[in-house]
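Data file: my_file_33.cif. Format and content: mmCIF, C-alpha atoms.
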data_data
#
loop_
_atom_site.label_atom_id
_atom_site.label_comp_id
_atom_site.auth_asym_id
_atom_site.auth_seq_id
_atom_site.Cartn_x
_atom_site.Cartn_y
_atom_site.Cartn_z
CA MET Q 14 133.14 140.01 284.33
CA TYR Q 15 130.88 142.09 286.10
CA THR Q 16 130.85 144.76 288.67
CA GLN Q 17 127.91 146.65 289.76
CA SER Q 18 127.52 146.69 293.41
CA MET Q 19 130.21 149.30 293.84
CA ASP Q 20 127.88 151.56 295.69
CA VAL Q 21 125.83 149.05 297.56
CA PRO Q 22 126.11 150.16 301.17
CA SER Q 23 127.27 147.86 303.90
CA ASP Q 24 127.24 148.16 307.66
CA GLU Q 25 130.96 148.00 308.27
CA VAL Q 26 131.99 151.14 306.36
CA SER Q 27 131.90 154.64 307.74
CA ALA Q 28 132.02 157.58 305.39
CA SER Q 29 134.53 159.86 307.08
CA PRO Q 30 138.29 159.36 307.30
CA ALA Q 31 139.91 158.64 310.63
CA LEU Q 32 140.73 161.87 312.44
CA SER Q 33 143.55 160.34 314.49
CA ASP Q 34 146.08 161.04 311.81
CA ALA Q 35 144.91 164.24 310.17
CA GLU Q 36 148.27 165.07 308.67
CA ALA Q 37 148.76 161.68 307.02
CA SER Q 38 145.21 161.93 305.80
CA ALA Q 39 145.85 165.31 304.16
CA THR Q 40 149.01 163.99 302.48
CA PHE Q 41 147.04 161.01 301.25
CA ASP Q 42 144.22 163.15 299.83
CA ALA Q 43 146.80 165.31 298.06
CA ARG Q 44 148.39 162.23 296.48
CA CYS Q 45 144.98 161.11 295.23
CA ALA Q 46 144.25 164.61 293.92
CA ARG Q 47 147.53 164.54 291.95
CA GLY Q 48 146.43 161.24 290.38
CA GLU Q 49 149.19 159.21 292.05
CA PHE Q 50 148.84 155.47 292.53
CA ILE Q 51 148.59 154.13 296.07
CA GLU Q 52 150.42 150.86 296.69
CA ALA Q 53 149.75 148.09 299.19
CA LYS Q 54 152.26 149.11 301.86
CA ASP Q 55 151.55 152.86 301.66
CA TRP Q 56 149.67 154.56 304.47
CA MET Q 57 145.98 154.87 303.70
CA PRO Q 58 142.94 156.00 305.68
CA ALA Q 59 140.91 153.13 307.16
CA PRO Q 60 137.77 154.00 305.17
CA TYR Q 61 139.79 153.91 301.91
CA ARG Q 62 140.99 150.44 302.80
CA GLN Q 63 137.50 149.31 303.82
CA THR Q 64 135.90 150.72 300.69
CA LEU Q 65 138.43 148.94 298.50
CA VAL Q 66 138.15 145.62 300.33
CA ARG Q 67 134.39 145.82 299.97
CA GLN Q 68 134.45 146.82 296.31
CA ILE Q 69 137.24 144.50 295.14
CA SER Q 70 135.86 141.50 297.02
CA GLN Q 71 132.32 142.13 295.73
CA HIS Q 72 133.85 142.29 292.31
CA ALA Q 73 135.75 139.01 292.85
CA HIS Q 74 132.66 137.27 294.22
CA SER Q 75 130.72 138.47 291.15
CA GLU Q 76 133.24 136.84 288.85
CA ILE Q 77 133.09 133.56 290.73
CA VAL Q 78 129.30 133.45 291.07
CA GLY Q 79 129.13 134.62 287.44
CA MET Q 80 130.54 131.25 286.37
CA LEU Q 81 127.30 129.56 287.47
CA PRO Q 82 124.66 130.89 285.05
CA GLU Q 83 126.95 130.13 282.11
CA GLY Q 84 128.27 126.87 283.50
CA ASN Q 85 124.65 125.78 283.30
CA TRP Q 86 125.08 125.56 279.51
CA LEU Q 87 128.53 123.96 279.21
CA THR Q 88 127.13 120.47 278.64
CA ARG Q 89 124.33 121.71 276.40
CA ALA Q 90 126.11 124.08 274.03
CA PRO Q 91 124.82 123.37 270.50
CA SER Q 92 128.21 122.59 268.91
CA LEU Q 93 131.77 121.70 269.85
CA LYS Q 94 132.86 125.17 268.71
CA ARG Q 95 130.39 126.92 271.02
CA LYS Q 96 131.30 124.58 273.87
CA THR Q 97 135.03 125.34 273.64
CA ILE Q 98 134.28 129.08 273.47
CA LEU Q 99 132.02 128.89 276.50
CA LEU Q 100 134.56 126.81 278.43
CA ALA Q 101 137.22 129.44 277.73
CA LYS Q 102 134.90 132.21 278.84
CA VAL Q 103 133.90 130.51 282.08
CA GLN Q 104 137.57 129.80 282.76
CA ASP Q 105 138.29 133.50 282.26
CA GLU Q 106 135.63 134.42 284.82
CA GLY Q 107 137.33 132.12 287.33
CA GLY Q 108 140.66 133.72 286.50
CA HIS Q 109 139.24 137.21 286.92
CA GLY Q 110 137.91 136.26 290.33
CA LEU Q 111 141.38 135.05 291.32
CA TYR Q 112 143.15 138.23 290.09
CA LEU Q 113 140.73 140.24 292.18
CA TYR Q 114 140.92 138.13 295.33
CA ALA Q 115 144.71 138.54 295.13
CA ALA Q 116 144.30 142.33 294.80
CA ALA Q 117 141.92 142.43 297.80
CA GLU Q 118 144.38 140.38 299.87
CA THR Q 119 147.07 143.03 299.42
CA LEU Q 120 144.90 145.19 301.68
CA GLY Q 121 145.49 142.84 304.59
CA THR Q 122 142.48 140.55 304.43
CA SER Q 123 142.75 136.80 303.96
CA ARG Q 124 141.27 134.66 301.17
CA ASP Q 125 139.51 132.54 303.78
CA ASP Q 126 137.84 135.61 305.30
CA LEU Q 127 136.70 136.85 301.90
CA ILE Q 128 135.19 133.51 300.98
CA ALA Q 129 133.58 133.11 304.39
CA ALA Q 130 131.94 136.54 303.93
CA LEU Q 131 130.46 135.43 300.60
CA HIS Q 132 129.25 132.10 301.91
CA SER Q 133 127.63 133.59 305.01
CA GLY Q 134 125.78 136.15 302.88
CA ARG Q 135 127.62 139.12 304.48
CA ALA Q 136 129.34 140.04 301.22
CA LYS Q 137 127.40 141.03 298.12
CA TYR Q 138 127.93 140.11 294.50
CA SER Q 139 126.45 141.54 291.32
CA SER Q 140 122.66 141.20 291.32
CA ILE Q 141 122.70 140.21 287.63
CA PHE Q 142 123.79 136.65 288.43
CA ASN Q 143 120.64 135.99 290.38
CA TYR Q 144 118.69 135.77 287.14
CA PRO Q 145 118.21 132.37 285.42
CA THR Q 146 119.55 131.24 282.03
CA PRO Q 147 116.73 129.05 280.65
CA THR Q 148 117.70 129.28 276.96
CA TRP Q 149 120.84 129.19 274.83
CA ALA Q 150 120.14 132.78 273.75
CA ASP Q 151 120.69 133.82 277.38
CA ILE Q 152 124.34 132.86 276.99
CA GLY Q 153 124.63 135.21 274.01
CA VAL Q 154 122.86 138.02 275.85
CA ILE Q 155 125.14 137.61 278.87
CA GLY Q 156 128.11 138.15 276.57
CA TRP Q 157 126.63 141.03 274.62
CA LEU Q 158 124.75 142.99 277.29
CA VAL Q 159 126.03 141.81 280.69
CA ASP Q 160 129.70 141.78 279.68
CA GLY Q 161 129.10 144.92 277.61
CA ALA Q 162 127.82 146.71 280.72
CA ALA Q 163 130.69 145.28 282.73
CA ILE Q 164 133.25 146.64 280.27
CA MET Q 165 131.62 150.07 280.50
CA ASN Q 166 131.95 149.88 284.29
CA GLN Q 167 135.44 148.46 284.32
CA VAL Q 168 137.40 150.51 281.83
CA PRO Q 169 137.46 153.55 284.19
CA LEU Q 170 138.68 151.24 286.99
CA CYS Q 171 141.91 150.66 285.08
CA ARG Q 172 142.79 154.16 286.33
CA CYS Q 173 141.71 153.49 289.91
CA SER Q 174 144.05 155.04 292.48
CA TYR Q 175 144.81 151.68 294.11
CA GLY Q 176 147.63 150.13 292.08
CA PRO Q 177 146.95 146.40 292.59
CA TYR Q 178 143.26 146.88 291.67
CA ALA Q 179 144.06 149.02 288.62
CA ARG Q 180 146.58 146.45 287.36
CA ALA Q 181 144.11 143.58 287.81
CA MET Q 182 141.51 145.60 285.91
CA ILE Q 183 143.86 146.19 282.99
CA ARG Q 184 144.38 142.45 282.71
CA ILE Q 185 140.65 141.81 282.97
CA CYS Q 186 139.58 144.43 280.44
CA ARG Q 187 142.03 142.99 277.93
CA GLU Q 188 140.25 139.64 278.17
CA GLU Q 189 136.72 141.00 278.39
CA SER Q 190 136.41 142.10 274.80
CA PHE Q 191 136.42 138.45 273.69
CA HIS Q 192 133.44 137.84 275.97
CA GLN Q 193 131.33 140.57 274.45
CA ARG Q 194 132.23 139.72 270.86
CA GLN Q 195 131.51 136.00 271.21
CA GLY Q 196 128.11 136.91 272.71
CA PHE Q 197 127.22 139.16 269.81
CA ASP Q 198 128.45 136.53 267.36
CA LEU Q 199 126.31 133.87 269.03
CA LEU Q 200 123.18 136.05 268.84
CA HIS Q 201 123.93 137.18 265.31
CA THR Q 202 124.14 133.54 264.23
CA LEU Q 203 120.80 132.77 265.89
CA MET Q 204 119.22 135.78 264.17
CA GLN Q 205 120.12 134.25 260.78
CA GLY Q 206 118.19 131.14 261.81
CA THR Q 207 114.53 130.13 262.09
CA ALA Q 208 111.71 132.32 263.36
CA ALA Q 209 111.78 130.32 266.60
CA GLN Q 210 115.49 131.06 267.07
CA GLN Q 211 114.94 134.75 266.43
CA ALA Q 212 112.08 134.77 268.91
CA MET Q 213 114.35 133.10 271.47
CA VAL Q 214 116.88 135.94 271.11
CA GLN Q 215 114.19 138.60 271.46
CA ASP Q 216 112.79 136.88 274.54
CA ALA Q 217 116.22 136.77 276.15
CA VAL Q 218 116.84 140.46 275.38
CA ASN Q 219 113.45 141.32 276.89
CA ARG Q 220 114.26 139.49 280.11
CA TRP Q 221 117.82 140.84 280.54
CA TRP Q 222 117.48 144.47 279.47
CA TRP Q 223 116.28 146.01 282.75
CA PRO Q 224 118.46 143.90 285.07
CA VAL Q 225 121.46 144.89 282.91
CA LEU Q 226 120.65 148.61 283.28
CA MET Q 227 120.57 148.03 287.05
CA MET Q 228 124.15 146.71 286.91
CA PHE Q 229 125.41 150.29 286.88
CA GLY Q 230 124.12 150.67 290.43
CA PRO Q 231 121.60 153.02 292.04
CA PRO Q 232 120.98 156.50 290.62
CA ASP Q 233 123.66 159.05 291.51
CA GLN Q 234 121.51 160.79 294.13
CA ASP Q 235 121.13 157.46 296.00
CA SER Q 236 124.79 156.42 295.88
CA PRO Q 237 126.03 156.85 299.43
CA HIS Q 238 129.75 156.31 298.84
CA ALA Q 239 130.09 158.12 295.54
CA GLU Q 240 131.54 161.38 296.80
CA THR Q 241 134.46 159.95 298.78
CA SER Q 242 135.08 157.33 296.08
CA VAL Q 243 135.46 160.11 293.53
CA LYS Q 244 137.72 162.13 295.84
CA TRP Q 245 139.99 159.13 296.33
CA GLY Q 246 140.12 158.22 292.65
CA ILE Q 247 138.33 154.89 293.17
CA LYS Q 248 135.38 155.93 291.05
CA ARG Q 249 135.89 158.07 287.96
CA ILE Q 250 132.51 158.19 286.22
CA SER Q 251 129.09 158.27 287.91
CA ASN Q 252 126.57 155.43 287.72
CA ASP Q 253 124.08 157.46 285.69
CA ASP Q 254 126.70 158.69 283.22
CA LEU Q 255 127.93 155.15 282.59
CA ARG Q 256 124.36 153.89 282.21
CA GLN Q 257 123.61 156.59 279.64
CA LYS Q 258 126.77 155.78 277.71
CA PHE Q 259 125.79 152.12 277.66
CA VAL Q 260 122.25 152.75 276.41
CA ASP Q 261 123.53 155.00 273.63
CA ALA Q 262 126.01 152.35 272.49
CA ILE Q 263 123.56 149.45 272.63
CA VAL Q 264 120.77 151.06 270.61
CA GLU Q 265 122.87 150.93 267.47
CA GLN Q 266 124.09 147.37 268.15
CA ALA Q 267 120.49 146.18 268.68
CA ALA Q 268 119.57 147.57 265.27
CA VAL Q 269 122.41 145.64 263.64
CA LEU Q 270 121.26 142.50 265.41
CA GLY Q 271 117.62 143.08 264.47
CA VAL Q 272 116.14 143.00 267.98
CA THR Q 273 114.08 145.61 269.78
CA LEU Q 274 114.84 146.84 273.29
CA PRO Q 275 111.84 146.40 275.59
CA ASP Q 276 111.28 150.04 276.47
CA PRO Q 277 108.56 152.10 274.72
CA GLY Q 278 110.09 155.22 276.29
CA LEU Q 279 113.45 154.69 274.60
CA LYS Q 280 114.04 157.41 272.00
CA TRP Q 281 116.68 159.79 270.72
CA ASN Q 282 116.66 163.19 272.36
CA ALA Q 283 118.31 165.59 269.94
CA ALA Q 284 118.47 168.38 272.53
CA ARG Q 285 120.49 166.21 274.95
CA GLY Q 286 122.37 164.39 272.22
CA ALA Q 287 121.50 161.13 274.00
CA HIS Q 288 118.72 158.56 274.30
CA ASP Q 289 115.94 159.04 276.81
CA PHE Q 290 114.71 155.88 278.52
CA SER Q 291 111.99 154.92 280.99
CA PRO Q 292 112.53 154.95 284.76
CA ILE Q 293 114.09 151.83 286.28
CA ASP Q 294 112.25 149.72 288.86
CA TRP Q 295 114.68 150.05 291.76
CA THR Q 296 112.42 148.04 294.05
CA GLU Q 297 113.34 144.96 292.03
CA PHE Q 298 117.05 145.86 292.25
CA TRP Q 299 117.03 146.13 296.03
CA GLN Q 300 115.01 142.95 296.36
CA VAL Q 301 117.60 141.04 294.35
CA VAL Q 302 120.54 142.68 296.16
CA ASN Q 303 118.99 141.78 299.49
CA GLY Q 304 118.65 138.11 298.66
CA HIS Q 305 115.23 137.79 297.10
CA GLY Q 306 116.02 137.47 293.38
CA PRO Q 307 114.98 134.46 291.31
CA CYS Q 308 118.21 132.48 291.90
CA ASN Q 309 119.94 133.97 294.99
CA ARG Q 310 119.57 130.85 297.13
CA GLU Q 311 120.51 128.49 294.33
CA ARG Q 312 123.67 130.45 293.48
CA LEU Q 313 124.94 130.69 297.04
CA ALA Q 314 124.09 127.05 297.74
CA ALA Q 315 126.08 126.01 294.65
CA ARG Q 316 129.13 128.02 295.81
CA VAL Q 317 128.99 126.66 299.35
CA ALA Q 318 128.58 123.08 298.08
CA ALA Q 319 131.55 123.45 295.72
CA TYR Q 320 133.69 124.76 298.58
CA ASP Q 321 132.63 122.12 301.08
CA GLU Q 322 132.97 119.27 298.60
CA GLY Q 323 136.48 120.46 297.73
CA ALA Q 324 137.62 120.54 301.36
CA TRP Q 325 139.18 117.06 301.19
CA VAL Q 326 141.27 118.11 298.16
CA ARG Q 327 142.64 121.19 299.94
CA GLU Q 328 143.36 119.09 302.99
CA ALA Q 329 145.10 116.32 301.03
CA ALA Q 330 147.26 118.83 299.14
CA LEU Q 331 148.40 120.39 302.41
CA ALA Q 332 149.13 116.97 303.93
CA TYR Q 333 151.22 116.08 300.88
CA ALA Q 334 153.10 119.40 301.03
CA ASP Q 335 153.78 118.87 304.75
CA LYS Q 336 155.07 115.33 304.10
CA GLN Q 337 157.38 116.50 301.31
CA ALA Q 338 158.70 119.34 303.47
CA ALA Q 339 159.38 116.94 306.33
CA ARG Q 340 161.26 114.56 304.01
CA GLN Q 341 163.33 117.39 302.62
CA ALA Q 342 164.21 118.57 306.13
CA ALA Q 343 165.27 115.03 307.05
CA ALA Q 344 167.42 114.74 303.92
CA VAL Q 345 169.48 117.83 304.75
CA THR Q 346 170.34 116.80 308.31
CA PRO Q 347 173.96 115.52 308.66
CA ALA Q 348 174.52 111.91 307.61
CA THR Q 349 175.48 110.81 311.12
CA GLU Q 350 172.08 111.86 312.44
CA ARG Q 351 170.14 109.96 309.80
CA ARG Q 352 168.39 106.87 310.96
CA SER Q 353 168.00 104.83 307.81
CA PRO Q 354 167.97 105.56 304.11
CA PRO Q 355 164.48 106.25 302.76
CA MET V 21 138.53 117.93 309.28
CA THR V 22 142.03 118.02 310.61
CA ASN V 23 143.83 120.62 308.51
CA GLN V 24 142.00 123.71 307.36
CA ARG V 25 144.72 126.33 307.29
CA ASP V 26 144.87 128.68 304.30
CA TRP V 27 147.23 127.67 301.48
CA PRO V 28 150.29 129.95 301.46
CA LEU V 29 150.53 132.87 299.06
CA TRP V 30 153.01 132.85 296.16
CA GLU V 31 153.98 135.86 294.05
CA VAL V 32 154.04 135.17 290.32
CA PHE V 33 156.59 136.56 287.85
CA ILE V 34 156.28 135.97 284.11
CA ARG V 35 158.78 136.32 281.28
CA SER V 36 156.52 137.33 278.40
CA ARG V 37 159.06 136.36 275.75
CA ALA V 38 162.73 135.43 275.45
CA GLY V 39 164.95 138.46 275.91
CA LEU V 40 162.73 140.20 278.47
CA ASP V 41 162.86 140.24 282.28
CA HIS V 42 160.45 138.28 284.42
CA LYS V 43 157.83 140.75 285.61
CA HIS V 44 155.54 140.56 288.60
CA CYS V 45 151.96 139.92 287.53
CA GLY V 46 150.00 138.79 290.57
CA SER V 47 149.76 136.02 293.12
CA VAL V 48 148.21 132.63 293.76
CA HIS V 49 147.53 130.42 296.76
CA ALA V 50 149.02 126.93 296.58
CA PRO V 51 150.13 124.28 299.06
CA ASP V 52 153.55 123.72 297.43
CA ALA V 53 155.84 124.95 294.66
CA THR V 54 154.68 122.46 292.05
CA LEU V 55 151.03 123.39 292.44
CA ALA V 56 151.92 127.09 292.66
CA LEU V 57 153.53 126.85 289.21
CA GLN V 58 150.54 124.96 287.88
CA ALA V 59 148.09 127.52 289.30
CA ALA V 60 150.16 130.43 287.98
CA ARG V 61 150.15 128.84 284.54
CA ASP V 62 146.36 128.38 284.63
CA VAL V 63 145.59 131.83 286.02
CA TYR V 64 148.13 134.07 284.30
CA THR V 65 148.98 132.50 280.92
CA ARG V 66 145.67 131.52 279.33
CA ARG V 67 146.61 133.43 276.18
CA GLN V 68 150.30 132.67 275.81
CA GLU V 69 151.29 135.64 277.98
CA GLY V 70 154.52 133.93 278.95
CA VAL V 71 157.34 131.54 278.15
CA SER V 72 158.64 131.17 281.71
CA ILE V 73 157.19 131.50 285.21
CA TRP V 74 158.79 132.14 288.60
CA VAL V 75 156.82 131.64 291.79
CA VAL V 76 158.18 132.89 295.12
CA ARG V 77 156.65 132.40 298.55
CA ALA V 78 155.26 135.85 299.45
CA ASP V 79 156.56 135.52 303.02
CA GLN V 80 160.11 135.06 301.65
CA ILE V 81 160.19 138.46 299.92
CA VAL V 82 162.04 141.25 301.71
CA ALA V 83 160.76 144.68 300.68
CA SER V 84 161.76 148.25 301.43
CA ASP V 85 159.48 150.22 303.71
CA PRO V 86 157.49 153.01 301.99
CA ALA V 87 158.33 155.16 305.04
CA ASP V 88 162.00 154.97 304.00
CA LYS V 89 161.25 156.21 300.50
CA ALA V 90 162.74 159.66 301.02
CA ALA V 91 165.86 158.39 302.77
CA LEU V 92 166.50 155.75 300.13
CA PHE V 93 165.68 157.52 296.92
CA ASP V 94 165.69 161.30 297.39
CA PRO V 95 169.52 161.57 297.55
CA MET V 96 169.60 160.72 293.84
CA ALA V 97 167.34 163.63 292.93
CA ASP V 98 170.15 166.23 292.87
CA LYS V 99 172.75 164.06 291.11
CA ILE V 100 171.78 165.16 287.66
CA TYR V 101 175.40 164.79 286.49
CA ARG V 102 174.72 161.04 286.42
CA HIS V 103 172.55 161.55 283.36
CA PRO V 104 173.98 162.03 279.86
CA THR V 105 171.71 165.04 279.27
CA PHE V 106 173.66 166.98 281.95
CA TYR V 107 176.54 167.56 279.53
CA ALA V 108 176.26 170.24 276.87
CA LEU V 109 178.62 169.23 274.09
CA PRO V 110 179.46 171.03 270.85
CA ASP V 111 176.86 170.40 268.16
CA GLU V 112 179.24 168.32 266.05
CA VAL V 113 179.62 165.68 268.76
CA ASN V 114 176.27 166.10 270.55
CA HIS V 115 175.16 162.67 269.33
CA LEU V 116 177.52 161.13 271.89
#

So, in terms of structure tokens, how does the structure I just supplied come out?
Amino acid sequence: MYTQSMDVPSDEVSASPALSDAEASATFDARCARGEFIEAKDWMPAPYRQTLVRQISQHAHSEIVGMLPEGNWLTRAPSLKRKTILLAKVQDEGGHGLYLYAAAETLGTSRDDLIAALHSGRAKYSSIFNYPTPTWADIGVIGWLVDGAAIMNQVPLCRCSYGPYARAMIRICREESFHQRQGFDLLHTLMQGTAAQQAMVQDAVNRWWWPVLMMFGPPDQDSPHAETSVKWGIKRISNDDLRQKFVDAIVEQAAVLGVTLPDPGLKWNAARGAHDFSPIDWTEFWQVVNGHGPCNRERLAARVAAYDEGAWVREAALAYADKQAARQAAAVTPATERRSPP
Amino acid sequence: MTNQRDWPLWEVFIRSRAGLDHKHCGSVHAPDATLALQAARDVYTRRQEGVSIWVVRADQIVASDPADKAALFDPMADKIYRHPTFYALPDEVNHL
């Protein structure tokens, strides 16, 4: 599970709270400052609502689209054990998407609208899922690095000021640890294997490392919504701080695994008490976010096809529910009005 | 296509184990009660989180208005004599 695009700007959001209700707005800000939770029916400024709908729905879309790169390997997992693990993980991603859609809907938007926004390309999802998964080692790296980065991003969201989102995140974080551990376990097993298997792991790490660092979002100075998101308790830790924390954690894990991270500039800085690393190519990030990554079209086409091809099922289920409801209504009308027994 | 309306929303309540209350845990969309239960089971109990599920149509729930919060709940704030800690008893019987 995977958030990143928390700070990706979108046209529909303005940065300043509505002035029409200054008093309510001040009360609201004070509640946020005291660390109170905001619930669905509470008054909230329109930009707070818009920011949350954008962030939670991007997050939900990321979970759903995130099923695709891994689903690619369900039929090709190398053993029954790995296949059942991967099935469980992909099912979790679907579940996480559903928790989050439900949380977004509490803000007064409909599931249909959210899905339509994804399918039309209006809504974003995490750029990381626009990269391909050509080898089995990619599945391990998604668990170790992609889910590892996601956990780093998501743990602070368990304390988000919006109650339904925070509760969904608690549920998600509880399940996410399995994802990261199975990924590390998969890679660790490969690293005990042949030279070719070890090379496959290193190749996958080389391809994923920079896109994973981009998952934390643009640098702090280029994050347009950060200030209000911090004020409202939506965002607790800045993109750059989370990214640094992630790099510091991963260096040690990479050593245990026996892989190198593809950055000659990566080294311990004793003065900072943290690792320095090379600058990130943000041109690539924005290209992928704006639809020009390696798999953007394929991913969206797969989602739209799944939705369209499932239309007859949704329709049939509704028709059946309507028929049952009609029968039940007929059964409770007085006996004298009944025409004939069913 | 003849029928494209959104499936209704159901709130999901789970009893995590015998002896505990059902607790709200989220919601699902489903066309009827049977499928709502099935969806709730798939979405909210993948790791044995429950032994019993309730699903309730969201539009059937009647809730208090947050605007009435003060009127409904503030009157209890000054009724501290309803709490056992209000009463200072002699040490010998203070375990009461």

Show me, as an mmCIF file with C-alpha atoms, in the frame of the given file, the residues of chain V whose atoms get within 10 Å of chain Q, using all atoms listed in the file for the distance check.
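iface.cif, written as the output of this step:
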data_model
loop_
_atom_site.group_PDB
_atom_site.id
_atom_site.type_symbol
_atom_site.label_atom_id
_atom_site.label_comp_id
_atom_site.auth_asym_id
_atom_site.auth_seq_id
_atom_site.Cartn_x
_atom_site.Cartn_y
_atom_site.Cartn_z
ATOM 1 C CA MET V 21 138.530 117.930 309.280
ATOM 2 C CA THR V 22 142.030 118.020 310.610
ATOM 3 C CA ASN V 23 143.830 120.620 308.510
ATOM 4 C CA GLN V 24 142.000 123.710 307.360
ATOM 5 C CA ARG V 25 144.720 126.330 307.290
ATOM 6 C CA ASP V 26 144.870 128.680 304.300
ATOM 7 C CA TRP V 27 147.230 127.670 301.480
ATOM 8 C CA PRO V 28 150.290 129.950 301.460
ATOM 9 C CA LEU V 29 150.530 132.870 299.060
ATOM 10 C CA GLU V 31 153.980 135.860 294.050
ATOM 11 C CA CYS V 45 151.960 139.920 287.530
ATOM 12 C CA GLY V 46 150.000 138.790 290.570
ATOM 13 C CA SER V 47 149.760 136.020 293.120
ATOM 14 C CA VAL V 48 148.210 132.630 293.760
ATOM 15 C CA HIS V 49 147.530 130.420 296.760
ATOM 16 C CA ALA V 50 149.020 126.930 296.580
ATOM 17 C CA PRO V 51 150.130 124.280 299.060
ATOM 18 C CA ASP V 52 153.550 123.720 297.430
ATOM 19 C CA ALA V 53 155.840 124.950 294.660
ATOM 20 C CA THR V 54 154.680 122.460 292.050
ATOM 21 C CA LEU V 55 151.030 123.390 292.440
ATOM 22 C CA ASP V 62 146.360 128.380 284.630
ATOM 23 C CA VAL V 63 145.590 131.830 286.020
ATOM 24 C CA TYR V 64 148.130 134.070 284.300
ATOM 25 C CA ARG V 66 145.670 131.520 279.330
ATOM 26 C CA ARG V 67 146.610 133.430 276.180
ATOM 27 C CA ALA V 83 160.760 144.680 300.680
ATOM 28 C CA SER V 84 161.760 148.250 301.430
ATOM 29 C CA ASP V 85 159.480 150.220 303.710
ATOM 30 C CA PRO V 86 157.490 153.010 301.990
ATOM 31 C CA ALA V 87 158.330 155.160 305.040
#

*Expanded to explicit residues, what is the PyMOL selection byres ((chain Q and resi 170-172) around 12) for this file, as number ranges by chain?*
Q: 16, 19, 45, 48-51, 65, 68-69, 72, 163-169, 173-187, 242-243, 245-251

Those residues with C-alpha atoms, as a compact mmCIF listing (two decimals), in the coordinates of the input please?
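Contents of out_16.txt, as written:
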# COMPACT_ATOMS: atom_id res chain seq x y z
CA THR Q 16 130.85 144.76 288.67
CA MET Q 19 130.21 149.30 293.84
CA CYS Q 45 144.98 161.11 295.23
CA GLY Q 48 146.43 161.24 290.38
CA GLU Q 49 149.19 159.21 292.05
CA PHE Q 50 148.84 155.47 292.53
CA ILE Q 51 148.59 154.13 296.07
CA LEU Q 65 138.43 148.94 298.50
CA GLN Q 68 134.45 146.82 296.31
CA ILE Q 69 137.24 144.50 295.14
CA HIS Q 72 133.85 142.29 292.31
CA ALA Q 163 130.69 145.28 282.73
CA ILE Q 164 133.25 146.64 280.27
CA MET Q 165 131.62 150.07 280.50
CA ASN Q 166 131.95 149.88 284.29
CA GLN Q 167 135.44 148.46 284.32
CA VAL Q 168 137.40 150.51 281.83
CA PRO Q 169 137.46 153.55 284.19
CA CYS Q 173 141.71 153.49 289.91
CA SER Q 174 144.05 155.04 292.48
CA TYR Q 175 144.81 151.68 294.11
CA GLY Q 176 147.63 150.13 292.08
CA PRO Q 177 146.95 146.40 292.59
CA TYR Q 178 143.26 146.88 291.67
CA ALA Q 179 144.06 149.02 288.62
CA ARG Q 180 146.58 146.45 287.36
CA ALA Q 181 144.11 143.58 287.81
CA MET Q 182 141.51 145.60 285.91
CA ILE Q 183 143.86 146.19 282.99
CA ARG Q 184 144.38 142.45 282.71
CA ILE Q 185 140.65 141.81 282.97
CA CYS Q 186 139.58 144.43 280.44
CA ARG Q 187 142.03 142.99 277.93
CA SER Q 242 135.08 157.33 296.08
CA VAL Q 243 135.46 160.11 293.53
CA TRP Q 245 139.99 159.13 296.33
CA GLY Q 246 140.12 158.22 292.65
CA ILE Q 247 138.33 154.89 293.17
CA LYS Q 248 135.38 155.93 291.05
CA ARG Q 249 135.89 158.07 287.96
CA ILE Q 250 132.51 158.19 286.22
CA SER Q 251 129.09 158.27 287.91

*With a distance cut-off of 12 Å and only C-alpha atoms, select the neighbouring residues of Ile73 in chain V, excluding the residue or stretch itself and same-chain residues fewer than 3 positions from it, and output the selection as a ChimeraX atom specification.*
/V:30-38,41-47,53-54,56-65,68-70,76

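Of the listed residues Q:Met228, Q:Ile155, Q:Val103, Q:Ala217, the one whose atoms come nearest to Phe197 in chain Q is Q:Ile155, with distances taken using only C-alpha atoms.
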
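Between CA of Asn309 in chain Q and CA of Asn143 in chain Q the separation is 5.1 Å.
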
*In Å, how far is it from CA of Glu76 in chain Q to CA of Tyr320 in chain Q?*
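It comes out at 15.5 Å.
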
*Separation of CA of His74 in chain Q and CA of Leu131 in chain Q, in Å?*
7.0 Å

Residue by residue, what does the PyMOL selection byres ((chain Q and resi 279) around 6) grab here? Present the result as a JSON list (two decimals) with C-alpha atoms, in the coordinates of the input.
[["chain", "number", "residue", "atom", "x", "y", "z"],
["Q", 276, "ASP", "CA", 111.28, 150.04, 276.47],
["Q", 277, "PRO", "CA", 108.56, 152.10, 274.72],
["Q", 278, "GLY", "CA", 110.09, 155.22, 276.29],
["Q", 280, "LYS", "CA", 114.04, 157.41, 272.00],
["Q", 289, "ASP", "CA", 115.94, 159.04, 276.81],
["Q", 290, "PHE", "CA", 114.71, 155.88, 278.52]]

*Hits of the PyMOL selection byres ((chain Q and resi 145) around 12) in this structure, as a PyMOL selection string*: chain Q and resi 79+81-86+140-144+146-152+155+217+220-221+224+306-312

_Nearest-residue call for Pro232 in chain Q, choices Q:Val272, Q:Leu255, Q:Ala314, Q:Ala212, using all atoms listed in the file_ =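 For Pro232 in chain Q, the nearest of the given residues is Q:Leu255.
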